[in-house]
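Peer 1: Structure file model-v2.txt (compact mmCIF, C-alpha atoms) right here:
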# COMPACT_ATOMS: atom_id res chain seq x y z
CA MET N 1 119.50 91.98 129.43
CA ILE N 2 118.11 89.95 126.55
CA LYS N 3 120.82 88.72 124.21
CA ASN N 4 120.68 89.20 120.44
CA VAL N 5 117.84 91.76 120.54
CA PRO N 6 118.85 94.88 118.57
CA PHE N 7 118.21 98.50 119.50
CA VAL N 8 115.45 99.95 117.29
CA THR N 9 113.64 103.19 116.54
CA PRO N 10 109.87 102.82 117.00
CA LYS N 11 108.26 103.60 113.66
CA ASN N 12 105.44 102.22 111.55
CA ILE N 13 106.49 99.34 109.28
CA PRO N 14 104.49 97.04 106.99
CA SER N 15 103.68 93.54 108.19
CA PRO N 16 105.30 90.76 106.14
CA TYR N 17 102.16 88.64 106.68
CA SER N 18 99.43 91.04 105.54
CA GLY N 19 101.24 94.10 104.19
CA GLN N 20 99.31 96.38 106.57
CA LEU N 21 101.20 99.30 108.12
CA THR N 22 101.82 98.38 111.76
CA LYS N 23 102.50 100.62 114.76
CA PRO N 24 104.79 99.18 117.47
CA LYS N 25 103.53 98.34 120.94
CA ILE N 26 105.91 99.64 123.64
CA VAL N 27 106.38 97.26 126.56
CA GLU N 28 108.33 98.06 129.76
CA ARG N 29 109.87 95.36 131.89
CA GLN N 30 112.36 95.20 134.71
CA VAL N 31 115.45 93.09 134.19
CA GLY N 32 117.70 93.11 137.25
CA ASN N 33 118.42 96.75 138.13
CA ASN N 34 117.33 98.04 134.72
CA ILE N 35 114.02 99.04 133.17
CA MET N 36 113.95 98.03 129.53
CA LYS N 37 111.56 99.51 126.98
CA GLU N 38 110.93 97.14 124.11
CA ALA N 39 109.04 97.77 120.86
CA GLN N 40 107.01 94.86 119.46
CA TRP N 41 105.42 94.91 116.02
CA ILE N 42 102.38 92.63 115.91
CA CYS N 43 100.54 91.85 112.66
CA PRO N 44 96.93 93.06 113.02
CA ALA N 45 95.63 90.31 110.72
CA SER N 46 97.44 87.26 112.14
CA GLY N 47 98.45 88.38 115.66
CA ASN N 48 102.05 87.22 115.11
CA ILE N 49 104.98 89.26 116.44
CA PHE N 50 107.12 89.84 113.36
CA HIS N 51 109.76 92.23 114.72
CA ARG N 52 110.96 93.46 118.09
CA GLY N 53 113.82 95.37 119.60
CA ILE N 54 115.01 97.42 122.55
CA VAL N 55 114.12 101.12 122.54
CA SER N 56 115.93 102.15 125.74
CA VAL N 57 117.46 100.81 128.95
CA GLU N 58 117.36 102.88 132.15
CA GLU N 59 118.66 102.14 135.62
CA VAL N 60 116.05 101.72 138.37
CA LYS N 61 115.92 104.81 140.59
CA LYS N 62 116.27 103.93 144.26
CA SER N 63 113.78 105.63 146.58
CA LYS N 64 115.15 107.23 149.73
Taking this structure as input, can you express it in the form of structure tokens?
Peer 2:
Amino acid sequence: MIKNVPFVTPKNIPSPYSGQLTKPKIVERQVGNNIMKEAQWICPASGNIFHRGIVSVEEVKKSK
């Protein structure tokens, strides 16, 4: 798991760069035996990620 990344609630927040209301992009990635959903807020004007956090962590389901 990524250290020092807080759990967050995905919601629209203003960008500190442009002030525009920004919707988070949800990204899924596998880390070990877990699937982590991460929210990333990217400024539409500059393209910079200005906030991110973990939405949920689920264990990988093993197929039979």
Peer 1: Distance atom CA of Thr22 of chain N-atom CA of Asn4 of chain N, one decimal place?
Peer 2: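 Taking atom CA of Thr22 of chain N as the start and atom CA of Asn4 of chain N as the end point, the length is 22.7 Å.
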Peer 1: To one decimal in Å, tell me the separation between atom CA of Val57 of chain N and atom CA of Glu38 of chain N.
Peer 2: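 The value is 8.9 Å.
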Peer 1: I'd like the neighbourhood of segment 6-16 of chain N as a list in words, where a residue qualifies if any of its atoms comes within 6 Å (using all atoms listed in the file), though same-chain residues fewer than 6 positions away should be ignored.
Peer 2: Thr22, Lys23, Cys43, Gly53, Ile54 and Val55 of chain N
Peer 1: Distance atom CA of Ala39 of chain N-atom CA of Leu21 of chain N, one decimal place?
Peer 2: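 Straight-line distance from atom CA of Ala39 of chain N to atom CA of Leu21 of chain N works out to 15.0 Å.
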Peer 1: Can you list, as a PyMOL selection string, every protein, DNA or RNA residue that comes within 8 Å of segment 25-32 of chain N when you count all atoms listed in the file, leaving out same-chain residues fewer than 5 positions away?
Peer 2: chain N and resi 1+37-42
Peer 1: Is it possible to produce a file of segment 3-39 of chain N from this structure, with C-alpha atoms, as a PDB file, in the first residue's frame?
Peer 2:
ATOM      1  CA  LYS N   3       2.337   5.251   2.543  1.00  0.00           C
ATOM      2  CA  ASN N   4       1.109   8.683   3.636  1.00  0.00           C
ATOM      3  CA  VAL N   5      -1.832   8.769   1.197  1.00  0.00           C
ATOM      4  CA  PRO N   6      -5.062   9.574   3.091  1.00  0.00           C
ATOM      5  CA  PHE N   7      -8.481   8.017   2.571  1.00  0.00           C
ATOM      6  CA  VAL N   8     -10.790  10.498   0.804  1.00  0.00           C
ATOM      7  CA  THR N   9     -14.377  10.922  -0.333  1.00  0.00           C
ATOM      8  CA  PRO N  10     -14.574  11.647  -4.069  1.00  0.00           C
ATOM      9  CA  LYS N  11     -16.262  15.020  -4.468  1.00  0.00           C
ATOM     10  CA  ASN N  12     -15.834  18.108  -6.616  1.00  0.00           C
ATOM     11  CA  ILE N  13     -13.325  20.609  -5.215  1.00  0.00           C
ATOM     12  CA  PRO N  14     -11.896  23.849  -6.621  1.00  0.00           C
ATOM     13  CA  SER N  15      -8.415  23.802  -8.128  1.00  0.00           C
ATOM     14  CA  PRO N  16      -5.865  25.917  -6.243  1.00  0.00           C
ATOM     15  CA  TYR N  17      -4.253  26.807  -9.602  1.00  0.00           C
ATOM     16  CA  SER N  18      -7.256  28.061 -11.570  1.00  0.00           C
ATOM     17  CA  GLY N  19     -10.166  28.076  -9.119  1.00  0.00           C
ATOM     18  CA  GLN N  20     -12.228  25.855 -11.451  1.00  0.00           C
ATOM     19  CA  LEU N  21     -14.417  23.185  -9.851  1.00  0.00           C
ATOM     20  CA  THR N  22     -12.705  19.848 -10.494  1.00  0.00           C
ATOM     21  CA  LYS N  23     -14.161  16.336 -10.561  1.00  0.00           C
ATOM     22  CA  PRO N  24     -11.836  13.515  -9.391  1.00  0.00           C
ATOM     23  CA  LYS N  25     -10.561  10.847 -11.761  1.00  0.00           C
ATOM     24  CA  ILE N  26     -10.877   7.361 -10.222  1.00  0.00           C
ATOM     25  CA  VAL N  27      -7.918   5.078 -10.934  1.00  0.00           C
ATOM     26  CA  GLU N  28      -7.726   1.369 -10.014  1.00  0.00           C
ATOM     27  CA  ARG N  29      -4.440  -0.392  -9.507  1.00  0.00           C
ATOM     28  CA  GLN N  30      -3.301  -3.672  -8.055  1.00  0.00           C
ATOM     29  CA  VAL N  31      -0.827  -3.556  -5.192  1.00  0.00           C
ATOM     30  CA  GLY N  32       0.145  -7.040  -4.022  1.00  0.00           C
ATOM     31  CA  ASN N  33      -3.072  -8.929  -3.238  1.00  0.00           C
ATOM     32  CA  ASN N  34      -5.176  -5.764  -3.066  1.00  0.00           C
ATOM     33  CA  ILE N  35      -7.023  -3.639  -5.605  1.00  0.00           C
ATOM     34  CA  MET N  36      -6.772   0.012  -4.634  1.00  0.00           C
ATOM     35  CA  LYS N  37      -9.120   2.693  -5.947  1.00  0.00           C
ATOM     36  CA  GLU N  38      -7.504   6.113  -5.883  1.00  0.00           C
ATOM     37  CA  ALA N  39      -9.077   9.511  -6.584  1.00  0.00           C
TER      38      ALA N  39
END
